[in-house]
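Enquirer: So here's coords.txt, just compact mmCIF, C-alpha atoms:
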# COMPACT_ATOMS: atom_id res chain seq x y z
CA MET A 180 266.62 102.02 293.70
CA LYS A 181 263.28 100.82 292.31
CA ILE A 182 261.39 97.92 293.75
CA ARG A 183 259.14 96.01 291.42
CA ILE A 184 256.19 94.04 292.74
CA ASN A 185 254.38 91.98 290.12
CA ASN A 186 255.72 94.17 287.33
CA ALA A 187 254.52 97.40 289.04
CA ASP A 188 256.70 100.33 289.90
CA VAL A 189 256.24 101.23 293.61
CA ARG A 190 256.58 104.98 292.93
CA SER A 191 253.81 104.89 290.30
CA VAL A 192 251.52 103.00 292.69
CA LYS A 193 252.09 105.61 295.42
CA ILE A 194 251.36 108.49 293.03
CA LYS A 195 248.10 106.86 291.92
CA ASP A 196 247.10 106.25 295.55
CA ILE A 197 247.83 109.88 296.43
CA ARG A 198 245.77 111.12 293.46
CA VAL A 199 242.83 108.95 294.45
CA PHE A 200 243.12 110.09 298.06
CA PHE A 201 243.11 113.79 297.11
CA LEU A 202 240.25 113.26 294.67
CA MET A 203 238.22 111.65 297.46
CA ILE A 204 238.99 114.59 299.78
CA ILE A 205 237.97 117.15 297.14
CA LEU A 206 234.75 115.30 296.31
CA GLY A 207 233.94 115.00 300.01
CA ILE A 208 234.39 118.74 300.53
CA ILE A 209 232.25 119.58 297.49
CA PHE A 210 229.51 117.21 298.63
CA HIS A 211 229.61 118.54 302.18
CA MET A 212 229.40 122.16 301.04
CA GLY A 213 226.84 121.57 298.29
CA TYR A 214 224.40 119.06 299.74
CA SER A 215 222.76 118.26 303.06
CA TYR A 216 220.41 115.59 304.32
CA TYR A 217 217.22 116.57 306.12
CA LEU A 218 214.56 114.41 307.71
CA ILE A 219 210.87 115.20 307.11
CA ASP A 220 209.15 115.89 310.43
CA GLY A 221 205.47 116.65 309.98
CA ASP A 222 202.76 116.33 307.35
CA SER A 223 202.82 119.72 305.61
CA MET A 224 204.28 118.19 302.42
CA GLU A 225 202.35 114.94 302.81
CA SER A 226 201.20 114.39 299.23
CA THR A 227 204.81 114.76 297.99
CA PHE A 228 206.99 113.61 300.89
CA LYS A 229 206.16 111.32 303.79
CA GLU A 230 207.04 111.94 307.43
CA GLY A 231 210.37 110.32 308.30
CA GLU A 232 211.62 110.46 304.71
CA LYS A 233 215.23 111.63 304.18
CA LEU A 234 215.80 114.37 301.64
CA LEU A 235 218.98 115.34 299.84
CA VAL A 236 218.94 119.15 299.59
CA ASN A 237 220.93 120.86 296.86
CA LYS A 238 222.50 123.98 298.42
CA ILE A 239 224.36 125.00 295.25
CA THR A 240 221.51 125.53 292.76
CA TYR A 241 220.46 128.98 293.93
CA ASN A 242 224.02 130.28 293.73
CA PHE A 243 223.61 130.14 289.95
CA SER A 244 219.87 130.68 289.49
CA THR A 245 216.90 132.11 291.35
CA PRO A 246 214.07 130.09 292.89
CA ASP A 247 211.06 129.54 290.65
CA LYS A 248 207.37 128.80 291.14
CA GLY A 249 206.83 125.16 291.95
CA ASP A 250 210.28 124.65 293.49
CA VAL A 251 210.34 122.73 296.76
CA VAL A 252 212.69 124.58 299.09
CA VAL A 253 214.19 124.00 302.50
CA PHE A 254 214.54 127.22 304.47
CA TYR A 255 215.29 128.54 307.93
CA ASP A 256 212.40 130.13 309.83
CA PRO A 257 214.03 132.76 312.08
CA PHE A 258 210.87 133.24 314.17
CA GLU A 259 210.45 129.60 315.14
CA GLU A 260 214.20 128.89 314.82
CA GLU A 261 213.67 125.74 312.80
CA VAL A 262 214.22 124.41 309.30
CA LEU A 263 211.09 123.89 307.17
CA ILE A 264 210.23 122.54 303.73
CA LYS A 265 207.55 124.11 301.51
CA ARG A 266 206.70 124.80 297.85
CA ILE A 267 207.14 128.24 296.28
CA VAL A 268 203.84 129.51 294.85
CA ALA A 269 204.69 133.19 294.30
CA LEU A 270 207.82 135.09 293.36
CA PRO A 271 209.10 138.61 294.12
CA TYR A 272 206.71 141.36 293.00
CA ASP A 273 203.75 138.93 292.77
CA SER A 274 200.56 139.50 294.74
CA VAL A 275 199.09 136.77 296.94
CA GLU A 276 195.65 136.54 298.47
CA ILE A 277 193.78 133.62 300.01
CA ILE A 278 190.01 133.67 299.65
CA GLU A 279 188.10 130.90 301.44
CA GLY A 280 191.16 128.69 301.23
CA LEU A 281 191.80 129.29 297.52
CA VAL A 282 195.27 130.70 296.90
CA MET A 283 195.20 133.58 294.40
CA VAL A 284 198.50 134.61 292.78
CA ASN A 285 198.36 137.82 290.73
CA ASP A 286 194.53 137.66 290.93
CA LYS A 287 194.44 134.19 289.34
CA PRO A 288 193.61 131.01 291.26
CA LEU A 289 196.56 128.75 291.92
CA ILE A 290 195.55 125.50 290.29
CA ASP A 291 197.95 122.62 290.79
CA LYS A 292 197.66 119.02 291.91
CA HIS A 293 197.76 120.15 295.55
CA SER A 294 194.86 122.63 295.26
CA GLU A 295 192.29 119.91 295.89
CA ASN A 296 192.71 120.35 299.64
CA LEU A 297 191.77 123.92 300.50
CA LEU A 298 193.34 125.52 303.55
CA VAL A 299 191.30 125.05 306.71
CA ASP A 300 191.63 127.45 309.62
CA GLN A 301 193.60 125.60 312.27
CA LYS A 302 191.83 127.43 315.13
CA THR A 303 188.28 126.43 314.28
CA GLY A 304 188.92 123.51 311.99
CA ASN A 305 185.96 124.40 309.80
CA GLU A 306 186.49 127.89 308.44
CA TYR A 307 188.56 128.55 305.38
CA VAL A 308 191.68 130.67 305.66
CA ASN A 309 191.38 134.20 304.34
CA ILE A 310 194.41 136.42 303.90
CA LYS A 311 194.22 139.93 302.53
CA LYS A 312 196.16 140.64 299.38
CA ILE A 313 199.85 141.16 299.97
CA TYR A 314 202.50 142.28 297.52
CA LEU A 315 205.86 140.56 297.67
CA SER A 316 208.89 142.80 297.46
CA HIS A 317 212.38 142.14 296.21
CA ASP A 318 213.78 138.80 297.45
CA GLU A 319 210.47 137.66 298.99
CA TYR A 320 208.73 134.40 298.14
CA TYR A 321 205.39 132.98 299.21
CA VAL A 322 205.62 129.33 300.24
CA ILE A 323 202.99 126.84 301.24
CA GLY A 324 202.89 123.13 302.07
CA ASP A 325 201.50 120.60 299.60
CA ASN A 326 199.11 119.29 302.26
CA ARG A 327 196.76 122.25 302.05
CA SER A 328 194.06 120.81 304.27
CA GLY A 329 195.40 122.67 307.27
CA THR A 330 198.99 123.71 306.87
CA TRP A 331 200.62 126.71 305.26
CA PHE A 332 203.39 129.15 305.87
CA GLY A 333 203.63 132.50 304.09
CA VAL A 334 206.33 134.95 303.08
CA ILE A 335 210.01 134.07 303.33
CA ARG A 336 213.08 136.05 302.36
CA GLY A 337 215.46 134.56 299.83
CA GLU A 338 218.36 134.86 302.26
CA TYR A 339 216.78 132.14 304.43
CA ILE A 340 216.48 129.60 301.62
CA ILE A 341 218.98 126.79 302.24
CA GLY A 342 218.41 124.91 299.01
CA ASN A 343 215.98 123.04 296.84
CA VAL A 344 214.77 119.47 296.85
CA PRO A 345 214.54 117.66 293.53
CA GLU A 346 211.25 115.78 293.19
Output the file's structure in the form of structure tokens.
Expert:
Amino acid sequence: MKIRINNADVRSVKIKDIRVFFLMIILGIIFHMGYSYYLIDGDSMESTFKEGEKLLVNKITYNFSTPDKGDVVVFYDPFEEEVLIKRIVALPYDSVEIIEGLVMVNDKPLIDKHSENLLVDQKTGNEYVNIKKIYLSHDEYYVIGDNRSGTWFGVIRGEYIIGNVPE
């Protein structure tokens, strides 16, 4: 027996409702698995992101491609046991050296819009950071904050990268 309400078949309405319900569930699962929200805590990315700003991190991108120079990534720091956000400045097999605060990648100065603020030694506050040349190996990336007046990070392994942040 069919019941008609305003010229609508009850069975067809139920089927449409079930389809919409399952579509919502599937989209929710995909969103949950593929994206996460993170809150900026600190000033290391200050010229790009402000403290307290919420970021939507894409966790799917690097399943299909590899990180590239200039990408802003969120990653897990196993030594400090915290999640950080930085910009990739060097890729696997690149060399990185910091001379008086100037970041050198493959013996060429890293010149980008964030290079205006050279790295300052956080211990003395007035000496530039110097790091001997290092060579990145397979699955290693060199990351640094955009606020280069006194914050930086270093080498991270690709396995700790959670995702990227679109700018």
Enquirer: Report, in Å with one decimal, the straight-line distance from atom CA of A:Thr240 to atom CA of A:Ile267.
Expert: 15.0 Å
Enquirer: Please list as a PyMOL selection string every residue within 7 Å of A:Tyr214, counting all atoms listed in the file and excluding residues in the same chain fewer than 5 positions away.
Expert: chain A and resi 235-238
Enquirer: Could you check the closest approach to A:Tyr314 for each of A:Leu281, A:Leu270, A:Met224, A:Ile197 and tell me which residue wins, using all atoms listed in the file?
Expert: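 Of A:Leu281, A:Leu270, A:Met224, A:Ile197, the one nearest A:Tyr314, counting all atoms listed in the file, is A:Leu270.
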Enquirer: State, in Å with one decimal place, the distance from atom CA of A:Gly280 to atom CA of A:Trp331.
Expert: 10.5 Å
Enquirer: Draw an axis-aligned box over all listed atoms of stretch 243-257 of chain A, pad each side with 3 Å, and write its centre and edge lengths in Å, one decimal, as lines of an AutoDock Vina configuration file.
Expert:
center_x = 215.2
center_y = 127.7
center_z = 300.8
size_x = 22.8
size_y = 16.0
size_z = 28.6
Enquirer: Can you tell me how far atom CA of A:Phe332 sits from atom CA of A:Ser244, in Å to one decimal?
Expert: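 Rounded to one decimal, the two atoms are 23.3 Å apart.
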Enquirer: Determine the nearest neighbour of A:Gly333 from the options A:Phe228, A:Tyr255, A:Phe201, A:Tyr320, counting all atoms listed in the file.
Expert: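 Between A:Phe228, A:Tyr255, A:Phe201, A:Tyr320, the residue approaching A:Gly333 most closely is A:Tyr320.
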Enquirer: May I have the residues within 8 Å of A:Ala269 as a compact mmCIF listing (two decimals) with C-alpha atoms, keeping the file's coordinate frame, using only C-alpha atoms and disregarding those fewer than 6 positions away in the same chain?
Expert:
# COMPACT_ATOMS: atom_id res chain seq x y z
CA LYS A 248 207.37 128.80 291.14
CA VAL A 275 199.09 136.77 296.94
CA VAL A 284 198.50 134.61 292.78
CA TYR A 320 208.73 134.40 298.14
CA TYR A 321 205.39 132.98 299.21
CA VAL A 322 205.62 129.33 300.24
Enquirer: From the set A:Ile277, A:Met283, A:Gly337, A:Asn343, which residue has the shortest atom-to-atom contact distance to A:Lys311, counting only C-alpha atoms?
Expert: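 Selected residue with least distance to A:Lys311: A:Ile277.
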Enquirer: Between A:Glu232, A:Asp318, A:Asp291, A:Glu338, single out the one closest to A:Val268, counting all atoms listed in the file.
Expert: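 Residue with the minimum atom-to-atom distance to A:Val268: A:Asp291.
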Enquirer: What lies within 7 Å of A:Gly231 using all atoms listed in the file, ignoring chain neighbours under 3 positions off, as a count of residues only?
Expert: 3
Enquirer: Determine, counting all atoms listed in the file, which protein, DNA and RNA residues have an atom within 6 Å of an atom of A:Ser316; residues of the same chain fewer than 2 positions away are not included. Present the result as a short mmCIF file (atom, residue, chain, number, x, y, z; two decimals) with C-alpha atoms, keeping the file's coordinate frame.
Expert:
data_model
loop_
_atom_site.label_atom_id
_atom_site.label_comp_id
_atom_site.auth_asym_id
_atom_site.auth_seq_id
_atom_site.Cartn_x
_atom_site.Cartn_y
_atom_site.Cartn_z
CA PRO A 271 209.10 138.61 294.12
CA TYR A 272 206.71 141.36 293.00
CA GLU A 319 210.47 137.66 298.99
#
Enquirer: Could you check which of A:Ser215, A:Asn285, A:Thr227, A:Asn309 is closest to A:Lys265, using all atoms listed in the file?
Expert: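 Looking only at the distances to A:Lys265, the closest residue turns out to be A:Thr227.
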Enquirer: Pull the neighbourhood of (208.5, 123.4, 298.9) for me: all residues within 7 Å in file coordinates, counting all atoms listed in the file, as a VMD selection string.
Expert: chain A and resid 250 to 253 264 to 267 322 to 324
Enquirer: Using all atoms listed in the file, find the one residue out of A:Gly249, A:Pro257, A:Asp273, A:Val262 that sits nearest to A:His293.
Expert: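 Closest candidate: A:Gly249.
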Enquirer: What would stretch 207-219 of chain A look like with N, CA, C and O atoms in place, written as a compact mmCIF listing (two decimals), in the coordinates of the input?
Expert:
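The result, written out as result_2.txt:
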# COMPACT_ATOMS: atom_id res chain seq x y z
N GLY A 207 234.59 114.93 298.70
CA GLY A 207 233.94 115.00 300.01
C GLY A 207 233.64 116.43 300.43
O GLY A 207 232.57 116.73 300.94
N ILE A 208 234.58 117.33 300.19
CA ILE A 208 234.39 118.74 300.53
C ILE A 208 233.27 119.34 299.69
O ILE A 208 232.39 120.04 300.20
N ILE A 209 233.30 119.06 298.38
CA ILE A 209 232.25 119.58 297.49
C ILE A 209 230.89 119.07 297.92
O ILE A 209 229.92 119.82 298.01
N PHE A 210 230.79 117.77 298.21
CA PHE A 210 229.51 117.21 298.63
C PHE A 210 229.05 117.82 299.94
O PHE A 210 227.90 118.19 300.09
N HIS A 211 229.97 117.97 300.89
CA HIS A 211 229.61 118.54 302.18
C HIS A 211 229.13 119.98 302.05
O HIS A 211 228.19 120.40 302.72
N MET A 212 229.77 120.76 301.21
CA MET A 212 229.40 122.16 301.04
C MET A 212 228.16 122.33 300.16
O MET A 212 227.43 123.29 300.31
N GLY A 213 227.91 121.40 299.25
CA GLY A 213 226.84 121.57 298.29
C GLY A 213 225.56 120.84 298.58
O GLY A 213 224.52 121.15 298.01
N TYR A 214 225.59 119.86 299.48
CA TYR A 214 224.40 119.06 299.74
C TYR A 214 224.28 118.79 301.23
O TYR A 214 225.26 118.71 301.94
N SER A 215 223.03 118.63 301.67
CA SER A 215 222.76 118.26 303.06
C SER A 215 221.58 117.31 303.09
O SER A 215 220.71 117.35 302.21
N TYR A 216 221.55 116.47 304.10
CA TYR A 216 220.41 115.59 304.32
C TYR A 216 219.51 116.20 305.37
O TYR A 216 219.98 116.74 306.38
N TYR A 217 218.21 116.12 305.14
CA TYR A 217 217.22 116.57 306.12
C TYR A 217 216.17 115.49 306.25
O TYR A 217 215.87 114.77 305.30
N LEU A 218 215.59 115.39 307.42
CA LEU A 218 214.56 114.41 307.71
C LEU A 218 213.21 115.13 307.79
O LEU A 218 213.09 116.15 308.47
N ILE A 219 212.21 114.61 307.08
CA ILE A 219 210.87 115.20 307.11
C ILE A 219 210.25 114.93 308.48
O ILE A 219 210.17 113.79 308.93
